$ cat run_37.txt   # compact mmCIF, C-alpha atoms and all ligand atoms
# COMPACT_ATOMS: atom_id res chain seq x y z
CA MET A 210 0.00 0.00 0.00
CA PRO A 211 1.44 3.43 -0.82
CA PHE A 212 2.03 5.91 2.01
CA GLU A 213 -1.50 7.27 2.33
CA TYR A 214 -0.79 10.83 3.48
CA LYS A 215 -0.49 13.76 1.09
CA LYS A 216 1.13 16.56 3.10
CA VAL A 217 3.66 15.95 5.88
CA LEU A 218 5.01 18.51 8.34
CA VAL A 219 8.54 17.25 9.03
CA LEU A 220 10.21 18.64 12.16
CA GLY A 221 13.97 18.18 11.97
CA ALA A 222 14.25 18.29 8.19
CA THR A 223 17.43 20.37 7.86
CA SER A 224 19.80 17.38 7.77
CA GLY A 225 20.15 13.63 8.10
CA ILE A 226 17.12 11.35 8.37
CA GLY A 227 14.49 14.12 8.32
CA ARG A 228 15.88 15.80 5.21
CA ALA A 229 16.34 12.51 3.37
CA LEU A 230 12.85 11.26 4.23
CA ALA A 231 11.37 14.63 3.26
CA ALA A 232 13.10 14.28 -0.13
CA LYS A 233 11.70 10.76 -0.45
CA PHE A 234 8.22 12.09 0.28
CA ILE A 235 8.54 14.68 -2.51
CA GLU A 236 9.83 12.08 -4.98
CA ASN A 237 6.70 10.06 -4.23
CA GLY A 238 4.28 12.94 -4.68
CA VAL A 239 3.83 13.74 -0.99
CA SER A 240 4.07 17.47 -0.18
CA VAL A 241 6.36 18.59 2.64
CA ILE A 242 6.69 21.46 5.05
CA ALA A 243 10.27 21.21 6.26
CA VAL A 244 11.10 22.58 9.71
CA GLY A 245 14.32 23.19 11.66
CA ARG A 246 16.46 25.97 13.09
CA ARG A 247 18.92 26.34 10.20
CA LYS A 248 17.29 28.60 7.60
CA ALA A 249 20.10 28.14 5.08
CA ASN A 250 19.51 24.39 5.09
CA LEU A 251 15.76 24.87 4.63
CA ASP A 252 16.37 27.25 1.71
CA ASP A 253 18.72 24.69 0.21
CA PHE A 254 16.05 21.98 0.54
CA ALA A 255 13.41 24.21 -1.06
CA ASN A 256 15.76 25.06 -3.94
CA GLU A 257 16.52 21.42 -4.58
CA TYR A 258 13.00 19.98 -4.25
CA GLY A 259 10.63 22.92 -4.67
CA ASN A 260 10.34 22.68 -8.45
CA THR A 261 10.12 18.97 -9.17
CA GLY A 262 6.46 19.31 -10.15
CA LYS A 263 5.72 16.21 -8.09
CA ALA A 264 4.63 17.86 -4.83
CA SER A 265 4.84 21.19 -3.03
CA VAL A 266 7.55 22.34 -0.60
CA ASP A 267 7.25 24.92 2.12
CA THR A 268 9.63 25.62 4.99
CA ALA A 269 9.47 27.09 8.49
CA VAL A 270 12.22 28.02 10.92
CA PHE A 271 11.35 26.81 14.41
CA ASP A 272 13.18 25.73 17.56
CA ILE A 273 11.18 23.00 19.28
CA THR A 274 12.74 23.77 22.66
CA HIS A 275 10.83 27.07 22.74
CA LEU A 276 7.94 25.31 24.40
CA GLN A 277 5.75 28.38 24.97
CA GLU A 278 5.76 29.11 21.23
CA ILE A 279 4.55 25.65 20.18
CA PRO A 280 0.75 26.25 20.27
CA ALA A 281 1.12 29.38 18.11
CA PHE A 282 3.45 27.51 15.76
CA ALA A 283 0.90 24.70 15.34
CA LYS A 284 -1.83 27.25 14.63
CA GLU A 285 0.38 29.03 12.10
CA MET A 286 1.19 25.78 10.31
CA PHE A 287 -2.45 24.66 10.06
CA THR A 288 -3.65 28.13 9.06
CA ALA A 289 -1.22 28.12 6.14
CA HIS A 290 -1.74 24.40 5.40
CA PRO A 291 -5.13 23.11 6.64
CA ASP A 292 -4.51 19.97 4.58
CA ILE A 293 -1.52 18.72 6.60
CA ASP A 294 -2.50 15.11 7.26
CA SER A 295 0.72 13.87 8.85
CA VAL A 296 3.03 15.39 11.45
CA MET A 297 6.46 13.84 11.74
CA LEU A 298 8.43 14.54 14.92
CA ASN A 299 12.03 13.71 14.07
CA SER A 300 14.22 16.43 15.61
CA GLY A 301 16.81 15.11 18.00
CA ILE A 302 20.20 15.53 19.59
CA GLN A 303 22.65 13.07 21.11
CA ARG A 304 25.38 13.76 23.68
CA HIS A 305 28.06 11.70 25.38
CA LEU A 306 27.64 10.79 29.06
CA ASN A 307 30.00 8.72 31.20
CA TRP A 308 29.26 8.19 34.88
CA ALA A 309 32.74 6.74 35.42
CA GLU A 310 33.88 10.39 35.43
CA PRO A 311 31.10 12.26 37.26
CA ASP A 312 33.12 15.48 37.36
CA LYS A 313 32.88 15.65 33.58
CA VAL A 314 29.13 14.98 33.46
CA ASN A 315 27.43 17.98 31.87
CA LEU A 316 23.99 18.40 33.42
CA ASP A 317 23.06 21.03 30.83
CA HIS A 318 23.54 18.40 28.13
CA ILE A 319 21.28 16.00 30.01
CA GLU A 320 18.56 18.63 30.36
CA GLN A 321 18.84 19.78 26.75
CA GLU A 322 18.64 16.20 25.50
CA MET A 323 15.54 15.45 27.57
CA LEU A 324 13.97 18.76 26.52
CA THR A 325 14.64 18.25 22.80
CA ASN A 326 14.02 14.50 22.51
CA TYR A 327 11.13 14.09 24.95
CA THR A 328 9.56 17.12 26.64
CA ALA A 329 9.24 19.12 23.43
CA TYR A 330 7.65 16.06 21.80
CA MET A 331 4.93 16.07 24.45
CA HIS A 332 4.21 19.77 23.86
CA LEU A 333 4.21 19.23 20.09
CA THR A 334 1.88 16.24 20.38
CA LYS A 335 -0.55 18.19 22.55
CA ALA A 336 -0.53 21.11 20.12
CA PHE A 337 -0.79 19.17 16.84
CA LEU A 338 -3.01 16.19 17.67
CA PRO A 339 -6.32 18.15 17.83
CA TYR A 340 -5.73 19.52 14.31
CA LEU A 341 -5.46 15.96 13.02
CA GLN A 342 -8.41 14.67 15.06
CA ARG A 343 -10.62 17.46 13.72
CA GLN A 344 -10.14 16.07 10.20
CA ALA A 345 -11.94 12.80 11.06
CA PRO A 346 -12.88 10.60 9.27
CA LYS A 347 -9.95 11.50 7.00
CA PRO A 348 -6.96 9.26 7.86
CA THR A 349 -4.09 11.21 9.44
CA SER A 350 -0.94 10.30 11.35
CA MET A 351 1.61 11.33 13.93
CA VAL A 352 5.01 9.89 12.99
CA TYR A 353 7.75 9.64 15.63
CA THR A 354 11.43 8.87 15.12
CA THR A 355 12.72 6.96 18.13
CA SER A 356 15.69 4.58 17.82
CA GLY A 357 16.85 1.01 18.26
CA LEU A 358 18.37 2.48 21.42
CA ALA A 359 14.82 2.85 22.75
CA LEU A 360 14.94 -0.94 23.04
CA VAL A 361 18.58 -1.58 23.98
CA PRO A 362 20.83 1.11 25.50
CA ILE A 363 24.48 1.57 24.57
CA LEU A 364 27.27 2.83 26.78
CA TYR A 365 28.41 6.12 25.30
CA CYS A 366 25.11 8.02 25.41
CA PRO A 367 22.88 6.55 28.18
CA ASN A 368 20.75 9.66 28.68
CA TYR A 369 19.98 9.79 24.95
CA CYS A 370 18.91 6.14 25.14
CA ALA A 371 16.69 6.97 28.11
CA THR A 372 14.98 9.81 26.20
CA LYS A 373 14.20 7.42 23.34
CA ALA A 374 13.02 4.65 25.68
CA ALA A 375 10.71 7.16 27.38
CA LEU A 376 9.29 8.22 24.03
CA HIS A 377 8.84 4.60 22.94
CA HIS A 378 6.85 3.75 26.09
CA MET A 379 4.74 6.85 25.67
CA ILE A 380 4.01 5.99 22.03
CA LEU A 381 2.89 2.43 22.86
CA ALA A 382 0.33 3.72 25.36
CA MET A 383 -0.73 6.69 23.23
CA ARG A 384 -1.39 4.50 20.19
CA GLN A 385 -3.63 2.24 22.23
CA GLN A 386 -5.46 5.13 23.88
CA LEU A 387 -6.31 6.55 20.44
CA LYS A 388 -7.35 3.15 19.08
CA ASP A 389 -9.83 2.90 21.94
CA VAL A 390 -11.57 6.10 20.76
CA ASP A 391 -14.57 5.51 18.48
CA GLY A 392 -13.88 6.84 15.00
CA ASN A 393 -10.19 7.45 15.70
CA ASN A 394 -8.52 8.81 12.55
CA VAL A 395 -4.98 9.33 13.84
CA LYS A 396 -2.50 6.52 13.27
CA VAL A 397 0.57 6.61 15.52
CA ILE A 398 3.66 5.54 13.60
CA GLU A 399 7.07 4.87 15.14
CA ILE A 400 10.26 4.64 13.08
CA TYR A 401 13.17 2.87 14.79
CA PRO A 402 16.45 3.72 13.02
CA PRO A 403 19.64 1.81 13.79
CA ALA A 404 22.88 3.83 13.72
CA VAL A 405 22.79 5.93 10.53
CA GLN A 406 25.49 8.18 9.02
CA THR A 407 24.18 11.67 9.84
CA GLU A 408 25.26 14.76 11.77
CA LEU A 409 23.87 13.30 15.03
CA HIS A 410 27.20 11.87 16.14
CA ASP A 411 29.63 13.90 14.04
CA ALA A 412 32.63 15.67 15.60
CA LYS A 413 30.77 18.99 15.84
CA HIS A 414 28.00 17.56 18.02
CA GLN A 415 30.04 14.90 19.81
CA PRO A 416 33.74 15.80 19.87
CA GLU A 417 34.33 12.62 21.88
CA MET A 418 33.58 10.60 18.72
CA GLY A 419 36.22 12.37 16.64
CA ASP A 420 36.17 11.74 12.91
CA ARG A 421 34.65 8.26 13.15
CA GLY A 422 31.30 9.71 14.36
CA LYS A 423 30.08 10.83 10.96
CA ASP A 424 30.75 7.37 9.49
CA LEU A 425 28.98 5.49 12.27
CA GLY A 426 26.16 3.21 11.12
CA MET A 427 24.45 2.46 7.82
CA PRO A 428 24.53 4.88 4.84
CA LEU A 429 21.65 7.37 4.90
CA GLU A 430 20.44 6.39 1.41
CA ALA A 431 20.10 2.72 2.39
CA PHE A 432 18.28 3.72 5.57
CA VAL A 433 15.78 5.85 3.66
CA GLU A 434 15.04 3.09 1.14
CA GLU A 435 14.24 0.63 3.94
CA ALA A 436 12.33 3.16 6.03
CA TRP A 437 10.23 4.19 3.01
CA GLU A 438 9.48 0.54 2.26
CA GLY A 439 8.31 0.14 5.87
CA LEU A 440 6.22 3.32 5.75
CA SER A 441 4.57 2.13 2.53
CA ALA A 442 3.79 -1.36 3.85
CA GLU A 443 0.32 -2.56 4.84
CA GLU A 444 1.43 -2.81 8.49
CA ASN A 445 3.23 0.49 8.96
CA GLU A 446 2.56 1.43 12.57
CA GLN A 447 6.03 0.32 13.57
CA VAL A 448 8.96 0.63 11.19
CA PRO A 449 12.09 -1.05 12.55
CA VAL A 450 15.06 -0.72 10.21
CA GLU A 451 18.00 -3.07 9.64
CA ALA A 452 19.71 -4.13 12.91
CA VAL A 453 16.68 -3.11 14.98
CA LYS A 454 14.62 -5.92 13.44
CA THR A 455 16.61 -8.84 14.81
CA ARG A 456 19.83 -7.96 16.66
CA MET A 457 18.09 -5.33 18.78
CA GLY A 458 15.09 -7.52 19.47
CA PHE A 459 12.14 -5.93 17.67
CA TYR A 460 10.84 -9.19 16.18
CA SER A 461 11.66 -11.27 19.26
CA TRP A 462 11.42 -10.08 22.85
CA GLU A 463 10.07 -6.62 21.99
CA ARG A 464 7.04 -8.35 20.41
CA GLU A 465 6.64 -10.33 23.63
CA ARG A 466 6.93 -7.18 25.74
CA GLN A 467 4.31 -5.40 23.63
CA GLY A 468 2.09 -8.49 23.97
CA THR A 469 2.34 -8.17 27.75
CA PHE A 470 1.53 -4.47 27.50
CA LEU A 471 -1.62 -5.19 25.48
CA LYS A 472 -2.73 -7.94 27.89
CA MET A 473 -2.31 -5.59 30.84
CA ALA A 474 -4.23 -2.87 28.99
CA GLU A 475 -7.14 -5.28 28.38
CA MET A 476 -7.07 -6.48 31.99
CA MET A 477 -7.22 -2.93 33.34
CA LYS A 478 -10.06 -2.02 30.97
CA LYS A 479 -12.09 -4.99 32.27
CA GLN A 480 -11.37 -4.02 35.87
CA ALA A 481 -12.57 -0.48 35.17
CA HIS A 482 -16.01 -1.77 34.14
N1 LIG B 501 21.65 8.90 13.07
C1 LIG B 501 21.42 7.90 13.89
O1 LIG B 501 22.31 7.06 14.13
C2 LIG B 501 20.09 7.77 14.54
C3 LIG B 501 19.74 6.53 15.07
C4 LIG B 501 18.51 6.40 15.71
C5 LIG B 501 17.66 7.49 15.79
N2 LIG B 501 18.03 8.69 15.26
C6 LIG B 501 17.11 9.81 15.42
O2 LIG B 501 16.80 10.34 14.15
C7 LIG B 501 16.38 11.70 14.29
C8 LIG B 501 17.11 12.54 13.27
O3 LIG B 501 18.50 12.56 13.59
P1 LIG B 501 19.64 12.47 12.49
O4 LIG B 501 20.39 11.24 12.75
O5 LIG B 501 19.11 12.73 11.16
O6 LIG B 501 20.61 13.66 12.99
P2 LIG B 501 20.88 15.11 12.40
O7 LIG B 501 21.41 15.06 11.02
O8 LIG B 501 21.73 15.77 13.44
O9 LIG B 501 19.44 15.80 12.36
C9 LIG B 501 18.82 16.26 13.52
C10 LIG B 501 17.67 17.17 13.12
O10 LIG B 501 17.04 17.59 14.34
C11 LIG B 501 16.85 19.01 14.25
N3 LIG B 501 16.84 19.62 15.57
C12 LIG B 501 17.69 19.41 16.60
N4 LIG B 501 17.38 20.23 17.62
C13 LIG B 501 16.31 20.97 17.23
C14 LIG B 501 15.55 22.01 17.83
N5 LIG B 501 15.83 22.47 19.05
N6 LIG B 501 14.51 22.53 17.12
C15 LIG B 501 14.22 22.08 15.88
N7 LIG B 501 14.91 21.12 15.26
C16 LIG B 501 15.96 20.58 15.93
C17 LIG B 501 18.04 19.48 13.41
O11 LIG B 501 17.73 20.73 12.83
P3 LIG B 501 18.41 22.15 13.22
O12 LIG B 501 19.74 21.86 13.83
O13 LIG B 501 18.47 22.89 11.94
O14 LIG B 501 17.45 22.75 14.17
C18 LIG B 501 18.11 18.40 12.37
O15 LIG B 501 17.21 18.66 11.32
C19 LIG B 501 16.68 12.07 15.74
O16 LIG B 501 15.50 12.01 16.51
C20 LIG B 501 17.66 11.00 16.17
O17 LIG B 501 17.63 10.81 17.56
C21 LIG B 501 19.21 8.85 14.62
$ encode --input "run_37.txt" --output "structure tokens"
Amino acid sequence: MPFEYKKVLVLGATSGIGRALAAKFIENGVSVIAVGRRKANLDDFANEYGNTGKASVDTAVFDITHLQEIPAFAKEMFTAHPDIDSVMLNSGIQRHLNWAEPDKVNLDHIEQEMLTNYTAYMHLTKAFLPYLQRQAPKPTSMVYTTSGLALVPILYCPNYCATKAALHHMILAMRQQLKDVDGNNVKVIEIYPPAVQTELHDAKHQPEMGDRGKDLGMPLEAFVEEAWEGLSAEENEQVPVEAVKTRMGFYSWERERQGTFLKMAEMMKKQAH
């Protein structure tokens, strides 16, 4: 089944996964509003993809950590584009953290990571979800980029892993809450990338990684091909990519864990009646 949405607001589209997926959307006739802090990168995206004749491109500069501005931003986006039928929350940052050297632990990094990767996502979800719900019965979606590290943490960035695990738990429960609403029209989609070659762990953002950071993980192009295939599949609520599928447990114990979650949800619903 083709990706069924026609206009996606992509937050975090100035580089890496967000930019590459936004380009893939355009190639496949899906219009994009690309968002991020770096205006030059947004202009570059619009120049490259704005005149393909396949779909429209708009851009907006926004910093998702400016929480108080999020409701007005959502209103502005839907006033300009009432036909947005998918909102993709993809912005993210990753920082090193090593508790073996507590003196070097940077609490500002921890707070900024939690703010960007989790708290802002809650504010964005609260602001954008009603605009999608109001379009019922038209199918719409919220798309979240988490990570394989939401399932299995690694050692060099434990707080980052915790932000993604928090988001993953929240998404599981949110998806079910919405499914329990009669006439729900908002699908909750989660993309789980493995390590991908982007700016996330390059030397600028994580000096500890040195030059090897930018080459960490699978090539971006290969990631986008597999992610797009997953997004276009019949079952596209959860899109694990490459190593996440098997090595990181998505098709084994994560399935079991989600089964337990669903059983507990059913049990608690029965108890409530
Ligand atoms: N690359 C990987 O190995 C990997 C693996 C698993 C999951 N992920 C996740 O994939 C998503 C995209 O990351 P990426 O790998 O593509 O890294 P990236 O190239 O560094 O892209 C990060 C994006 O997030 C945006 N962003 C960061 N802070 C923001 C803020 N305060 N306000 C608005 N936008 C902000 C950046 O835009 P501006 O700087 O222009 O604002 C940029 O567009 C993230 O959620 C990341 O955690 C990545």
$ residues_around --input "run_37.txt" --residues "stretch 232-246 of chain A" --least-positions-apart "3" --cutoff "7 Å" --atoms "only C-alpha atoms" --output "list in words"
Lys215, Lys216, Val217, Leu218, Val219, Leu220, Gly221, Ala222, Thr223, Arg228, Ala229, Leu251, Lys263, Ala264, Ser265, Val266, Asp267, Thr268, Ala269, Val270, Phe271 and Asp272 of chain A
$ closest_atom_pairs --input "run_37.txt" --of "chain A" --to "ligand LIG 501 (chain B)" --cutoff "6 Å" --atoms "all atoms listed in the file" --output "tab-separated table"
residue	atom	partner	partner_atom	distance
A:Gly221	CA	B:LIG501	O15	3.3
A:Ala222	CA	B:LIG501	O15	4.3
A:Thr223	CA	B:LIG501	O15	3.9
A:Ser224	CA	B:LIG501	O7	4.3
A:Gly225	CA	B:LIG501	O5	3.4
A:Ile226	CA	B:LIG501	O5	3.7
A:Gly227	CA	B:LIG501	O5	5.6
A:Gly245	CA	B:LIG501	O14	4.0
A:Arg246	CA	B:LIG501	O14	3.5
A:Arg247	CA	B:LIG501	O13	3.9
A:Phe271	CA	B:LIG501	C15	5.7
A:Asp272	CA	B:LIG501	N6	3.5
A:Ile273	CA	B:LIG501	N6	4.0
A:Thr274	CA	B:LIG501	N5	4.9
A:Asn299	CA	B:LIG501	O16	4.6
A:Ser300	CA	B:LIG501	O10	3.3
A:Gly301	CA	B:LIG501	O16	3.7
A:Ile302	CA	B:LIG501	C12	5.5
A:Thr325	CA	B:LIG501	N5	5.8
A:Thr354	CA	B:LIG501	O16	5.3
A:Thr355	CA	B:LIG501	C5	5.5
A:Ser356	CA	B:LIG501	C4	4.0
A:Pro402	CA	B:LIG501	C4	4.3
A:Pro403	CA	B:LIG501	C3	4.9
A:Ala404	CA	B:LIG501	O1	3.3
A:Val405	CA	B:LIG501	O1	3.8
A:Gln406	CA	B:LIG501	N1	5.6
A:Thr407	CA	B:LIG501	O7	4.5
A:Glu408	CA	B:LIG501	O7	3.9
A:Leu409	CA	B:LIG501	O8	3.6
$ atom_distance --input "run_37.txt" --atom1 "atom CA of A:Thr328" --atom2 "atom CA of A:Asp312"
25.9 Å
$ residues_around --input "run_37.txt" --residues "stretch 285-287 of chain A" --least-positions-apart "4" --cutoff "10 Å" --atoms "all atoms listed in the file" --output "NGL selection string"
:A and (218 or 242 or 268-269 or 279-281 or 291-294 or 337 or 340-341)
$ atom_distance --input "run_37.txt" --atom1 "atom CA of A:Glu417" --atom2 "atom CA of A:His305"
7.2 Å
$ atom_distance --input "run_37.txt" --atom1 "atom CA of A:Leu425" --atom2 "atom CA of A:Val397"
28.6 Å
$ closest_residue --input "run_37.txt" --among "A:Gly357, A:Pro339, A:Gly439, A:Gly392" --to "A:His377" --atoms "only C-alpha atoms"
A:Gly357
$ residues_around --input "run_37.txt" --residues "A:Lys413" --least-positions-apart "5" --cutoff "12 Å" --atoms "all atoms listed in the file" --output "list in words"
Ile302, Gln303, Arg304, Thr407, Glu408, Met418, Gly419, Asp420, Arg421, Gly422 and Lys423 of chain A
$ write_last_selection --input "run_37.txt" --atoms "C-alpha atoms" --output "short mmCIF file (atom, residue, chain, number, x, y, z; two decimals), in the frame of the given file"
data_model
loop_
_atom_site.label_atom_id
_atom_site.label_comp_id
_atom_site.auth_asym_id
_atom_site.auth_seq_id
_atom_site.Cartn_x
_atom_site.Cartn_y
_atom_site.Cartn_z
CA ILE A 302 20.20 15.53 19.59
CA GLN A 303 22.65 13.07 21.11
CA ARG A 304 25.38 13.76 23.68
CA THR A 407 24.18 11.67 9.84
CA GLU A 408 25.26 14.76 11.77
CA MET A 418 33.58 10.60 18.72
CA GLY A 419 36.22 12.37 16.64
CA ASP A 420 36.17 11.74 12.91
CA ARG A 421 34.65 8.26 13.15
CA GLY A 422 31.30 9.71 14.36
CA LYS A 423 30.08 10.83 10.96
#
$ residues_around --input "run_37.txt" --residues "A:Gln467" --least-positions-apart "6" --cutoff "10 Å" --atoms "all atoms listed in the file" --output "JSON, numbers by chain"
{"A": [378, 381, 459, 473]}
$ closest_residue --input "run_37.txt" --among "A:Leu316, A:Leu360, A:Leu338, A:Met323" --to "A:Met457" --atoms "only C-alpha atoms"
A:Leu360
$ closest_residue --input "run_37.txt" --among "A:Pro449, A:Ser295, A:Met427, A:Pro367" --to "A:Glu213" --atoms "only C-alpha atoms"
A:Ser295
$ closest_residue --input "run_37.txt" --among "A:Cys366, A:Lys335, A:Gln344, A:Gly259" --to "A:Gln415" --atoms "only C-alpha atoms"
A:Cys366
$ closest_residue --input "run_37.txt" --among "A:Arg464, A:His482, A:Lys472, A:His275" --to "A:Gln385" --atoms "only C-alpha atoms"
A:Lys472
$ closest_residue --input "run_37.txt" --among "A:Val433, A:Gln447, A:Asn368, A:Ala382" --to "A:Asn315" --atoms "all atoms listed in the file"
A:Asn368
